[in-house]
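A.B. asks: This is the structure I have questions about; it appears just below.
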Amino acid sequence: MMIKPLDQAVGSIDAMKAVFARDMKVAFRQRQDLLNPLLFFMMVVTLFPLGVSPEISFLQEAGAGILWVAALLSVLLSLDHLFRHDFDDGTLEQLVLQPQPLFLLVLAKTMAHWVLTGLPLVLLTPVLGVMVHLDGNSIAILCLTLLIGTPVLSLIGAIGAALTLGLRSAGVLLSLLIIPLYIPVLIFGTGTVAAAAEGAPVGAYLALLGAFLVLALTLAPFASAAALKVSLSNS
Amino acid sequence: MWQFFHKLGSPKWFYGIAARLMPWLLVLGLLCLGAGLVWGLAFAPKDYLQGNSYRIIFIHVPSAFLAQSVYIMMASAAVVTLVWRMKLADVFVKAAAPVGLVLTFISLFTGAVWGKPTWGTWWIWDARLTSMLILLFLYGGVIALDRAINDEKSAARAVAILVLVGVVNIPIIKYSVDWWNTLHQPATFKLTEKPSMPAEMWVPLLLSVIGLYLLFGWLACLRMQTEILIREQRTRWVQDLFHVNGGAR
Amino acid sequence: MSEPLLQAINLQCERDGRELFRDLSFSILPATVTRVEGANGSGKTTLLRILAGLSNAWAGDLLWCGEQRARVRESFLRNVLYLGHRPGIKPLLSPLENLRALMAGRRPMGDKALTQALARTGLAGYEQVPCRHLSAGQQRRVALARLLVADEPLWLLDEVFTSIDASGVAAIENLLQERAAEGGAVVFTTHHNVQIAGTKRLVLTPGAVGYDD
């Protein structure tokens, strides 16, 4: 039997598409799991008027921060599932053993995760923005920062999810590892909205958030792929 | 063959080198730190603005300084772990992380104590203090991950990845926290950036920084030796070491 | 005499501070069937995971077609098929979708060939049913359909006979035998009583305790 040369393997882009499509298909077969982060997002936002103050002035000032923190926590909550099911049923092993650069396949999975969690959060934000009395301009800027910021959350979060795969109390550990790394995105996400509210130009801040995204896109998949290999080796 | 040498030869070699180095590190470290502290706390002139309360910088600054460099050292070791798979490098990361955590805590604690007479409150969301707090979280995460993974080799590699991800983030975190601080409380009273610190102040400060570095070296060696003994307990040289020293054969 | 596909030289494995084996050297030649044997906990699964490239818990040399495996990773992965304890089947997807996903990063195939493979494992009529509605044995058979469309020269099979009924076991025995006859190499573990003519045995015995330097 002949050894197959590498160029018979399918192209990496097609392999990425297949991984992305499979994750989407699996997610839509279990739609409740898609709703959970959204419900959580709404509930956390609800806690602030109830727990702190329903006054319009407070909500207007803190609203962007509340929504950002709530979005961050929902993404964090959903990250535990990113690799867990694949790990349990063995498809993750098969993914790692594909004759493809692993970081590209991980990137495809992370992109699917963002489309399934981050993007719906952004789409829900205008509704919640109105509920915390943000004005139209602030809501638009907030959505824009979340649109650029949530993919960063997914990309960095994937590193944590890969590192804690298969460990006891992985969920808590994942939060401990990842929250400190989320701080810059949170600061610039909410800071941009605050600057816009004061009438300052926000182009530079949005560009900076974009730079975070580019940095995360180029570096995080390598770290996640390396972490996945370690976690699989340990299982 | 080269890999084989490093895998098995290095820990034993390091154990011997460390044993010879440690007395020097300890004695010199204690001398420097002692001289710096006595000079700084008892003889250096009072600060014209803050009186005697500023003297806490002789503890605060060295620990904050070292807390940050320990993370950088760990990151360098993490590169070695991932690229060359050298056992000693992950022994260092494991040994240094808790020390870094304690140093970060000391700098936060002394910062808070210093804040009381200066700002009139124990805690203020100042850029430096906040950055140090996040550094404390980073150290906490590294230690938590290391404890959670049973297998030594996997733990070493996972921790190395986390430390490297952290070190890429540290400048970003620092920059964003500084920006956040100017956004929320412009013109903070910056204490450690006074340009005109007289020699009677900065010389003892420098001495205590050097002293603390040397003591960290000593402590790191000690902790690494312990870790090496645990890891290599089944090898002949460790068993010989204890039979000879304990005479228990 | 053909060149060995995979060559292990002085393989040593230590997990959680326990040595599973050391100084393990062997070659996997084309057209051979090798059965890894040993007591529970002797490291059969770990050895297969090491050979597949999933586990890092080893020292020594692993050569793929005479080259260090780490240097030819993608070519190695292209030519090796690993089926583990966990079958790699998504319960929410149908057998056909699962099979498609398994082939996607390697050598995509038309649905016709995949459906035929599923039919040969006795899953005709189940192509569109989500796998969670299938029995454990049927889910295993989905993974086995993967073998029927495999062109990789080396197969590493960990406990593939689990949950499979007698007729299925016989079918797999035949498949592996044919495979070897065609020139492929198979390494497998099993607790079942499996009869394949000409099977080589690789027996794992616990590593010696206490060693020099």
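Ordering of the structure tokens sets the chain letters (A, B, ...), residue numbers begin anew at 1 in every chain, and ligands are numbered from 1 in the order given.
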Dump as a list in words the residues of chain B that approach chain A to within 6 Å, counting only C-alpha atoms.
C.D. replies: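 On the chain B side, the interface is Gly141, Ser154, Ile173 and Ser176 of chain B.
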A.B. asks: Could you take the residues named above and write them with C-alpha atoms, as a compact mmCIF listing (two decimals), in the first residue's frame?
C.D. replies:
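Output saved as selection-v3.txt:
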# COMPACT_ATOMS: atom_id res chain seq x y z
CA GLY B 141 -4.71 31.90 37.59
CA SER B 154 0.91 18.51 30.90
CA ILE B 173 -3.60 45.75 30.41
CA SER B 176 -5.66 50.31 29.05
A.B. asks: Can you list, as a PyMOL selection string, every protein, DNA or RNA residue that comes within 8 Å of Arg140 of chain C when you count only C-alpha atoms, leaving out same-chain residues fewer than 3 positions away?
C.D. replies: chain C and resi 87+136-137+143-144+160+162-164
A.B. asks: Sorted by chain and rising residue number, list the residues of chain A at most 12 Å from chain C (counting only C-alpha atoms), each with its closest atom pair and distance in Å to one decimal, as CSV.
C.D. replies:
residue,atom,partner,partner_atom,distance
A:Met1,CA,C:Gly183,CA,4.9
A:Met2,CA,C:Pro153,CA,7.0
A:Ile3,CA,C:Pro153,CA,6.6
A:Lys4,CA,C:Asn79,CA,6.2
A:Pro5,CA,C:Ser75,CA,6.7
A:Leu6,CA,C:Ser75,CA,5.3
A:Asp7,CA,C:Ser75,CA,9.0
A:Gln8,CA,C:Arg107,CA,7.4
A:Ala9,CA,C:Arg106,CA,5.0
A:Val10,CA,C:Arg106,CA,5.6
A:Gly11,CA,C:Gly105,CA,7.9
A:Ser12,CA,C:Gly105,CA,7.6
A:Ile13,CA,C:Gly105,CA,9.5
A:Asp14,CA,C:Gly105,CA,7.5
A:Ala15,CA,C:Gly105,CA,4.6
A:Met16,CA,C:Gly105,CA,8.0
A:Lys17,CA,C:Ala104,CA,9.2
A:Ala18,CA,C:Ala104,CA,6.2
A:Val19,CA,C:Ala101,CA,7.6
A:Phe20,CA,C:Ala101,CA,10.5
A:Ala21,CA,C:Ala101,CA,9.3
A:Arg22,CA,C:Ala101,CA,7.0
A:Asp23,CA,C:Ala101,CA,10.2
A:Met24,CA,C:Leu93,CA,11.2
A:Lys25,CA,C:Leu93,CA,8.0
A:Val26,CA,C:Leu92,CA,6.1
A:Ala27,CA,C:Leu92,CA,8.9
A:Phe28,CA,C:Leu92,CA,9.6
A:Arg29,CA,C:Leu92,CA,6.5
A:Gln30,CA,C:Leu92,CA,8.0
A:Arg31,CA,C:Leu92,CA,11.6
A:His85,CA,C:Lys90,CA,8.5
A:Asp86,CA,C:Lys90,CA,7.7
A:Phe87,CA,C:Gly88,CA,8.9
A:Asp88,CA,C:Arg86,CA,7.4
A:Asp89,CA,C:Gly88,CA,5.4
A:Gly90,CA,C:Gly88,CA,4.0
A:Thr91,CA,C:Gly88,CA,4.0
A:Leu92,CA,C:Gly88,CA,7.5
A:Glu93,CA,C:Gly88,CA,7.4
A:Gln94,CA,C:Gly88,CA,6.6
A:Leu95,CA,C:Gly105,CA,8.2
A:Val96,CA,C:Leu54,CA,7.9
A:Leu97,CA,C:Leu77,CA,6.0
A:Gln98,CA,C:Gly105,CA,5.8
A:Pro99,CA,C:Glu74,CA,4.9
A:Gln100,CA,C:Glu74,CA,6.7
A:Pro101,CA,C:Glu74,CA,8.1
A:Leu102,CA,C:Glu74,CA,10.3
A:Leu104,CA,C:Gly105,CA,11.4
A:Leu105,CA,C:Gly105,CA,9.3
A:Ala226,CA,C:Asn56,CA,11.8
A:Leu228,CA,C:Leu54,CA,10.2
A:Lys229,CA,C:Leu54,CA,7.2
A:Val230,CA,C:Asn56,CA,7.6
A:Ser231,CA,C:Ser55,CA,9.3
A:Leu232,CA,C:Leu54,CA,6.5
A:Ser233,CA,C:Ser55,CA,4.0
A:Asn234,CA,C:Ser55,CA,7.1
A:Ser235,CA,C:Ser55,CA,8.5
A.B. asks: Using Å and a single decimal, report how far atom CA of Asp90 of chain B sits from atom CA of Leu51 of chain C.
C.D. replies: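 Answer for the atom CA of Leu51 of chain C to atom CA of Asp90 of chain B separation: 25.5 Å.
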A.B. asks: Find, counting only C-alpha atoms, the residue in B:Leu37, B:Pro117, B:Val79, B:Pro11 that gets nearest to chain C.
C.D. replies: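 Among the listed residues, the smallest separation from chain C belongs to B:Pro11.
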A.B. asks: What residues in segment 76-170 of chain A get the DSSP label alpha helix (DSSP H)? Please answer as a ChimeraX atom specification.
C.D. replies: /A:76-89,91-96,102-113,119-131,136-163,170
A.B. asks: When you draw a straight line from atom CA of Val177 of chain B to atom CA of Pro37 of chain A, how long is it in Å?
C.D. replies: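 Between atom CA of Val177 of chain B and atom CA of Pro37 of chain A the gap works out to 28.1 Å.
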A.B. asks: Within 7 Å of chain C, which residues of chain B show up? Give each one with its shortest atom-to-atom distance in Å (one decimal) and the two atoms involved, counting only C-alpha atoms, rows by chain then rising residue number, as CSV.
C.D. replies:
residue,atom,partner,partner_atom,distance
B:Leu8,CA,C:Asp213,CA,6.8
B:Asn150,CA,C:Asp16,CA,6.6
B:Asp151,CA,C:Asp16,CA,4.8
B:Glu152,CA,C:Asp16,CA,6.8
B:Arg234,CA,C:Gly210,CA,6.0
B:Thr235,CA,C:Asp213,CA,5.5
B:Arg236,CA,C:Asp212,CA,5.3
B:Trp237,CA,C:Asp213,CA,6.6
A.B. asks: Just give me the gap between atom CA of Val33 of chain C and atom CA of Leu47 of chain C in Å, one decimal is fine.
C.D. replies: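 Taking atom CA of Val33 of chain C and atom CA of Leu47 of chain C, their separation equals 15.9 Å.
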A.B. asks: So that I can check the surroundings of Leu72 of chain A, please list as a VMD selection string every protein, DNA and RNA residue that reaches within 10 Å of it, counting only C-alpha atoms and ignoring chain neighbours fewer than 4 positions away.
C.D. replies: chain A and resid 41 66 to 68 76 to 77 118 121 146 149 to 150 153 to 154 179 182 to 183 185 to 186
A.B. asks: Please produce an output containing C-alpha atoms for each residue in the selection, written as an mmCIF file, in the first residue's frame.
C.D. replies:
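Result went into out31.cif, see below:
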data_model
loop_
_atom_site.group_PDB
_atom_site.id
_atom_site.type_symbol
_atom_site.label_atom_id
_atom_site.label_comp_id
_atom_site.auth_asym_id
_atom_site.auth_seq_id
_atom_site.Cartn_x
_atom_site.Cartn_y
_atom_site.Cartn_z
ATOM 1 C CA PHE A 41 -27.503 38.335 29.368
ATOM 2 C CA ILE A 66 -23.690 47.080 32.681
ATOM 3 C CA LEU A 67 -24.371 45.784 29.180
ATOM 4 C CA TRP A 68 -20.697 45.194 28.515
ATOM 5 C CA LEU A 76 -17.752 33.364 29.592
ATOM 6 C CA LEU A 77 -20.687 31.139 30.497
ATOM 7 C CA GLY A 118 -21.458 36.965 20.430
ATOM 8 C CA LEU A 121 -25.791 39.403 22.019
ATOM 9 C CA LEU A 146 -19.630 44.916 21.078
ATOM 10 C CA GLY A 149 -15.185 43.315 21.069
ATOM 11 C CA THR A 150 -17.148 40.062 21.344
ATOM 12 C CA LEU A 153 -13.827 37.619 23.913
ATOM 13 C CA SER A 154 -14.443 34.392 21.956
ATOM 14 C CA ILE A 179 -11.376 37.456 33.261
ATOM 15 C CA TYR A 182 -10.764 40.480 29.256
ATOM 16 C CA ILE A 183 -10.085 43.708 31.148
ATOM 17 C CA VAL A 185 -11.454 44.956 25.933
ATOM 18 C CA LEU A 186 -13.940 45.885 28.649
#
